[in-house]
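Trainee: One file: my_file.cif (mmCIF, C-alpha atoms).
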```cif
data_work
#
loop_
_atom_site.label_atom_id
_atom_site.label_comp_id
_atom_site.auth_asym_id
_atom_site.auth_seq_id
_atom_site.Cartn_x
_atom_site.Cartn_y
_atom_site.Cartn_z
CA MET A 1 0.00 0.00 0.00
CA ALA A 2 1.46 3.31 -1.11
CA THR A 3 2.28 5.75 1.63
CA GLU A 4 1.20 9.35 1.44
CA SER A 5 4.74 10.45 0.58
CA SER A 6 4.96 7.99 -2.35
CA ARG A 7 1.66 8.96 -3.95
CA PRO A 8 1.86 10.86 -7.27
CA PRO A 9 1.34 14.61 -6.93
CA VAL A 10 -2.20 15.85 -7.17
CA THR A 11 -3.24 17.75 -10.28
CA ARG A 12 -4.36 20.88 -8.43
CA PRO A 13 -1.06 22.81 -8.99
CA ARG A 14 -1.32 22.03 -12.71
CA LEU A 15 -4.90 23.27 -12.84
CA TRP A 16 -3.91 26.45 -11.04
CA ASP A 17 -1.06 26.89 -13.50
CA VAL A 18 -3.43 26.60 -16.46
CA ALA A 19 -5.89 28.96 -14.78
CA ALA A 20 -3.11 31.49 -14.24
CA ARG A 21 -2.18 31.39 -17.93
CA VAL A 22 -5.79 31.84 -18.97
CA LEU A 23 -6.19 34.80 -16.62
CA ILE A 24 -3.03 36.41 -17.97
CA VAL A 25 -4.22 36.05 -21.57
CA VAL A 26 -7.69 37.35 -20.71
CA GLY A 27 -6.16 40.23 -18.78
CA PHE A 28 -3.92 41.13 -21.69
CA PHE A 29 -6.81 41.35 -24.12
CA ALA A 30 -8.93 43.26 -21.60
CA VAL A 31 -6.18 45.88 -21.29
CA TRP A 32 -5.72 45.88 -25.06
CA TRP A 33 -9.42 46.54 -25.62
CA ALA A 34 -9.45 49.37 -23.08
CA VAL A 35 -6.49 51.07 -24.77
CA TYR A 36 -8.05 50.50 -28.18
CA LEU A 37 -11.30 52.18 -27.11
CA TRP A 38 -9.37 55.11 -25.64
CA THR A 39 -7.34 55.68 -28.80
CA ASN A 40 -10.49 55.17 -30.86
CA ALA A 41 -12.28 57.89 -28.92
CA ARG A 42 -9.29 60.24 -29.24
CA GLY A 43 -9.02 59.68 -32.98
CA SER A 44 -12.76 60.26 -33.45
CA GLU A 45 -12.68 63.73 -31.90
CA PRO A 46 -13.81 66.48 -34.32
CA GLY A 47 -10.96 67.86 -36.37
CA ARG A 48 -8.53 65.03 -35.62
CA ALA A 49 -9.56 62.21 -37.94
CA VAL A 50 -7.93 62.02 -41.38
CA TYR A 51 -10.12 60.70 -44.21
CA LEU A 52 -8.80 59.20 -47.45
CA THR A 53 -10.49 58.09 -50.67
CA ARG A 54 -12.53 55.01 -49.80
CA PRO A 55 -12.06 51.82 -51.84
CA TYR A 56 -15.81 51.60 -52.49
CA ASP A 57 -15.84 55.12 -53.92
CA LEU A 58 -13.47 53.83 -56.59
CA VAL A 59 -15.01 50.35 -56.94
CA PRO A 60 -18.54 50.40 -55.47
CA GLY A 61 -19.01 46.65 -55.85
CA ILE A 62 -16.05 45.90 -53.61
CA VAL A 63 -18.22 46.08 -50.50
CA GLN A 64 -19.72 42.65 -49.80
CA PRO A 65 -21.28 42.58 -46.31
CA TRP A 66 -21.51 38.77 -46.29
CA THR A 67 -17.71 38.69 -45.89
CA ALA A 68 -18.25 39.97 -42.35
CA VAL A 69 -18.60 36.30 -41.35
CA VAL A 70 -14.94 35.69 -42.24
CA TYR A 71 -13.92 39.11 -40.92
CA LEU A 72 -15.32 38.43 -37.45
CA ALA A 73 -14.79 34.67 -37.15
CA GLY A 74 -11.17 34.90 -38.29
CA GLY A 75 -10.58 38.01 -36.23
CA LEU A 76 -11.72 36.22 -33.08
CA ALA A 77 -10.13 32.80 -33.66
CA LEU A 78 -6.70 33.66 -35.06
CA PRO A 79 -5.38 35.73 -32.09
CA LEU A 80 -6.08 32.83 -29.72
CA LEU A 81 -4.58 30.04 -31.83
CA PRO A 82 -0.89 30.68 -31.04
CA PHE A 83 -1.53 30.10 -27.35
CA TRP A 84 -2.10 26.42 -28.13
CA TYR A 85 1.32 26.04 -29.76
CA TYR A 86 3.03 28.34 -27.26
CA ARG A 87 1.18 27.23 -24.13
CA GLU A 88 4.26 26.67 -21.94
CA TRP A 89 5.27 29.69 -19.86
CA PRO A 90 8.39 30.88 -21.75
CA ARG A 91 6.68 30.60 -25.14
CA LEU A 92 3.45 32.11 -23.88
CA ARG A 93 5.41 35.13 -22.72
CA PHE A 94 6.94 35.38 -26.18
CA VAL A 95 3.49 35.47 -27.83
CA LEU A 96 2.35 38.19 -25.44
CA ALA A 97 5.57 40.13 -26.14
CA CYS A 98 4.89 39.93 -29.89
CA TYR A 99 1.33 41.12 -29.40
CA ALA A 100 2.38 43.90 -27.02
CA VAL A 101 5.08 45.32 -29.29
CA ALA A 102 2.92 45.18 -32.43
CA SER A 103 -0.03 46.70 -30.56
CA ALA A 104 2.13 49.50 -29.16
CA LEU A 105 3.15 50.40 -32.71
CA ALA A 106 -0.49 50.39 -33.80
CA PHE A 107 -1.65 52.52 -30.87
CA ALA A 108 1.11 55.04 -31.56
CA CYS A 109 -0.07 55.31 -35.16
CA TYR A 110 -3.69 55.75 -34.03
CA LEU A 111 -2.68 58.68 -31.85
CA LEU A 112 -0.22 60.31 -34.26
CA TRP A 113 -2.16 59.75 -37.49
CA PRO A 114 -5.83 59.06 -36.64
CA VAL A 115 -7.09 57.78 -39.97
CA GLY A 116 -10.86 57.36 -40.14
CA ILE A 117 -13.28 55.99 -42.70
CA VAL A 118 -16.96 56.67 -43.28
CA ARG A 119 -18.56 53.24 -43.44
CA PRO A 120 -21.18 52.33 -46.03
CA SER A 121 -24.76 51.75 -45.02
CA TYR A 122 -25.47 48.30 -43.63
CA ASP A 123 -29.23 48.55 -43.69
CA GLY A 124 -29.78 45.68 -46.11
CA PRO A 125 -30.97 42.17 -45.26
CA GLY A 126 -28.75 39.23 -44.46
CA LEU A 127 -26.35 38.07 -41.78
CA GLY A 128 -23.47 40.19 -43.04
CA ASN A 129 -25.35 43.47 -42.75
CA TRP A 130 -26.67 42.47 -39.32
CA LEU A 131 -23.16 41.69 -38.11
CA MET A 132 -21.71 44.93 -39.45
CA ARG A 133 -24.46 46.99 -37.84
CA HIS A 134 -23.31 45.60 -34.49
CA VAL A 135 -19.65 46.20 -35.32
CA VAL A 136 -20.14 49.91 -36.01
CA GLU A 137 -22.11 50.26 -32.77
CA VAL A 138 -18.98 49.54 -30.72
CA ASP A 139 -16.20 50.65 -33.09
CA ASP A 140 -15.96 54.29 -34.13
CA GLU A 141 -14.61 55.42 -37.49
CA ALA A 142 -11.03 56.00 -36.28
CA ASN A 143 -8.18 53.53 -35.63
CA CYS A 144 -8.03 52.52 -39.27
CA CYS A 145 -4.31 52.47 -40.03
CA PRO A 146 -2.84 50.02 -39.26
CA SER A 147 -5.69 47.54 -39.21
CA SER A 148 -5.68 45.69 -35.89
CA HIS A 149 -7.69 42.93 -37.58
CA VAL A 150 -4.87 42.36 -40.04
CA LEU A 151 -2.27 42.65 -37.28
CA PHE A 152 -4.02 39.89 -35.31
CA ALA A 153 -4.35 37.76 -38.43
CA VAL A 154 -0.83 37.98 -39.85
CA LEU A 155 1.04 37.82 -36.54
CA PRO A 156 -0.72 34.62 -35.37
CA ALA A 157 -0.10 33.07 -38.80
CA VAL A 158 3.62 33.81 -38.43
CA LEU A 159 3.66 32.45 -34.89
CA VAL A 160 1.77 29.27 -35.74
CA GLY A 161 3.95 28.75 -38.80
CA ARG A 162 7.07 28.90 -36.63
CA GLY A 163 5.54 27.21 -33.62
CA GLY A 164 5.60 23.58 -34.64
CA ALA A 165 2.28 23.27 -36.50
CA GLY A 166 2.04 20.79 -39.34
CA ARG A 167 1.92 21.85 -42.98
CA PRO A 168 -1.90 21.47 -43.35
CA VAL A 169 -2.47 23.66 -40.29
CA ARG A 170 0.00 26.27 -41.52
CA LEU A 171 -1.68 26.44 -44.91
CA LEU A 172 -5.12 26.67 -43.33
CA VAL A 173 -4.07 29.42 -40.93
CA TRP A 174 -2.36 31.45 -43.63
CA GLY A 175 -5.39 31.03 -45.89
CA LEU A 176 -7.65 32.35 -43.16
CA ALA A 177 -5.24 35.20 -42.41
CA VAL A 178 -5.22 36.29 -46.06
CA ALA A 179 -9.02 36.07 -46.13
CA VAL A 180 -9.25 38.31 -43.05
CA CYS A 181 -6.90 40.82 -44.70
CA VAL A 182 -9.14 40.96 -47.77
CA THR A 183 -12.34 41.27 -45.75
CA THR A 184 -11.09 44.34 -43.93
CA VAL A 185 -11.68 46.10 -47.26
CA THR A 186 -14.69 44.14 -48.55
CA THR A 187 -16.66 44.88 -45.37
CA GLY A 188 -16.05 48.61 -45.83
CA GLN A 189 -14.10 48.84 -42.59
CA HIS A 190 -10.69 49.79 -43.97
CA TYR A 191 -8.60 51.21 -46.77
CA ALA A 192 -6.14 48.92 -48.54
CA LEU A 193 -3.38 50.98 -46.91
CA ASP A 194 -4.66 49.87 -43.50
CA ALA A 195 -4.22 46.21 -44.41
CA ALA A 196 -0.64 46.82 -45.52
CA GLY A 197 0.01 48.75 -42.31
CA GLY A 198 -1.42 45.96 -40.18
CA ALA A 199 0.82 43.39 -41.86
CA ALA A 200 3.85 45.65 -41.38
CA ALA A 201 3.05 46.17 -37.69
CA ALA A 202 2.64 42.41 -37.23
CA LEU A 203 6.03 41.63 -38.77
CA ALA A 204 7.73 44.46 -36.90
CA GLY A 205 6.24 43.20 -33.63
CA TYR A 206 7.39 39.65 -34.29
CA PHE A 207 10.98 40.47 -35.22
CA ALA A 208 11.36 43.05 -32.44
CA ALA A 209 10.07 40.58 -29.85
CA ARG A 210 12.29 37.87 -31.29
CA ARG A 211 15.27 40.21 -30.96
CA PHE A 212 14.64 41.09 -27.31
CA PHE A 213 12.49 38.18 -26.01
CA SER A 214 13.84 35.16 -27.88
CA PRO A 215 11.54 32.14 -27.43
CA PRO A 216 13.01 28.83 -26.18
CA PRO A 217 13.70 26.33 -28.97
CA PHE A 218 10.99 23.79 -29.77
#
```
For this file, write the structure as C-alpha cells.

Mentor:
Amino acid sequence: MATESSRPPVTRPRLWDVAARVLIVVGFFAVWWAVYLWTNARGSEPGRAVYLTRPYDLVPGIVQPWTAVVYLAGGLALPLLPFWYYREWPRLRFVLACYAVASALAFACYLLWPVGIVRPSYDGPGLGNWLMRHVVEVDDEANCCPSSHVLFAVLPAVLVGRGGAGRPVRLLVWGLAVAVCVTTVTTGQHYALDAAGGAAAALAGYFAARRFFSPPPF
C-alpha cells in the first residue's frame, strides 16, 4: 500500500497553472481593448480624424457585407490560436511580447495619425449586414491604419507557422489570415493601406520581440 509520501502529486497545482495562464491572456486582451477604445475615442474627436479616398468610392461593388462572417470569425479565432502552440510559460510570454510590441506600434499610429473611414450603409438584409451593424455600434470610425484585424491575423499566422504546426495547419491558418486581410476592405471597414500597415506592424512586432524576447527552442 502506497504511503502518502509515495503517492503521485495531485493535479491541483497544474490546474492552477493553467488557470493562471488563462487569466493572464484574458487580462492582456482586456487591457488591449481598453487602450483601443481610448485611442479610438481620441481619434474620433472632431478635427482630428484624417479621411482618405474610400475603396468603395473607386469600386462600389467591392463592399460585400456577407464577408463579415470571415472578418469576425477569423478576427476572433486567429489571435487565440498561437496560445495552443506556445502554451508553456516561456513561449506564452513570447506570444504576449509579440502582441504587445505590435499593438504598441499600432496605438502610436492611431494617436499620431488618426485615420478614419466613413462606413457604407449596412441597412440591407442578411447576416453580413446584421453583423456589421453591431460592429459599427462599438467601433468608431477611427483607428483605421494600421488595421488591428490584419495585425491579429498575420502575426498569429507567423507564430503558428514557426511554432511547430504541421503543414496542413500552416496552410489553413495562412489562408484564413489572407481572407481576413481581404475582408477588412470588402466589409467597408478599412482602406487597402490599412491592411498593408497591419501586416507591417505584425512583422515588426514579431521580429522586435524575437530580438529582445527570444523564445526557447521547440

Trainee: To test your reading of the syntax: which residues would the PyMOL selection byres ((chain A and resi 184) around 9) return for the file shown? Reply as JSON, numbers by chain.

Mentor: {"A": [67, 68, 71, 147, 149, 150, 179, 180, 181, 182, 183, 185, 186, 187, 188, 189, 190, 191, 192, 194, 195]}

Trainee: Keeping C-alpha atoms, export the residues of the selection given above as a PDB file, keeping the file's coordinate frame.

Mentor:
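Below you can see again_11.pdb, which holds the result:
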```
ATOM      1  CA  THR A  67     -17.710  38.690 -45.890  1.00  0.00           C
ATOM      2  CA  ALA A  68     -18.250  39.970 -42.350  1.00  0.00           C
ATOM      3  CA  TYR A  71     -13.920  39.110 -40.920  1.00  0.00           C
ATOM      4  CA  SER A 147      -5.690  47.540 -39.210  1.00  0.00           C
ATOM      5  CA  HIS A 149      -7.690  42.930 -37.580  1.00  0.00           C
ATOM      6  CA  VAL A 150      -4.870  42.360 -40.040  1.00  0.00           C
ATOM      7  CA  ALA A 179      -9.020  36.070 -46.130  1.00  0.00           C
ATOM      8  CA  VAL A 180      -9.250  38.310 -43.050  1.00  0.00           C
ATOM      9  CA  CYS A 181      -6.900  40.820 -44.700  1.00  0.00           C
ATOM     10  CA  VAL A 182      -9.140  40.960 -47.770  1.00  0.00           C
ATOM     11  CA  THR A 183     -12.340  41.270 -45.750  1.00  0.00           C
ATOM     12  CA  VAL A 185     -11.680  46.100 -47.260  1.00  0.00           C
ATOM     13  CA  THR A 186     -14.690  44.140 -48.550  1.00  0.00           C
ATOM     14  CA  THR A 187     -16.660  44.880 -45.370  1.00  0.00           C
ATOM     15  CA  GLY A 188     -16.050  48.610 -45.830  1.00  0.00           C
ATOM     16  CA  GLN A 189     -14.100  48.840 -42.590  1.00  0.00           C
ATOM     17  CA  HIS A 190     -10.690  49.790 -43.970  1.00  0.00           C
ATOM     18  CA  TYR A 191      -8.600  51.210 -46.770  1.00  0.00           C
ATOM     19  CA  ALA A 192      -6.140  48.920 -48.540  1.00  0.00           C
ATOM     20  CA  ASP A 194      -4.660  49.870 -43.500  1.00  0.00           C
ATOM     21  CA  ALA A 195      -4.220  46.210 -44.410  1.00  0.00           C
TER      22      ALA A 195
END
```

Trainee: Work out how far CA of Arg48 in chain A is from CA of Asp123 in chain A, in Å to one decimal.

Mentor: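 Interatomic distance here is 27.7 Å.
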
Trainee: Which distance in Å separates CA of Leu111 in chain A and CA of Ser44 in chain A, to one decimal?

Mentor: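 Between CA of Leu111 in chain A and CA of Ser44 in chain A the gap is 10.3 Å.
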
Trainee: Which residues fall under the PyMOL selection byres ((chain A and resi 108) around 12) in this file, as a list in words?

Mentor: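 For this structure, the PyMOL selection byres ((chain A and resi 108) around 12) resolves to Val35, Tyr36, Thr39, Asn40, Arg42, Gly43, Val101, Ala102, Ser103, Ala104, Leu105, Ala106, Phe107, Cys109, Tyr110, Leu111, Leu112, Trp113, Pro114, Asn143, Cys145, Pro146 and Ala201 of chain A.
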
Trainee: Distance CA of Ala208 in chain A-CA of Leu96 in chain A, one decimal place?

Mentor: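 Pair CA of Ala208 in chain A / CA of Leu96 in chain A returns 12.4 Å.
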
Trainee: What do you get, as a list in words, if you spell out every residue that the PyMOL selection byres ((chain A and resi 135) around 12) selects here?

Mentor: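 Here the PyMOL selection byres ((chain A and resi 135) around 12) matches Pro65, Ala68, Val69, Tyr71, Leu72, Arg119, Tyr122, Gly128, Asn129, Trp130, Leu131, Met132, Arg133, His134, Val136, Glu137, Val138, Asp139, Asp140, Glu141, Thr187, Gly188 and Gln189 of chain A.
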
Trainee: Within 12 Å of Leu171 in chain A, counting all atoms listed in the file, which residues show up once you throw out same-chain ones fewer than 4 positions away? Write them as a PyMOL selection string, please.

Mentor: chain A and resi 157-158+160-161+165-167+175-178
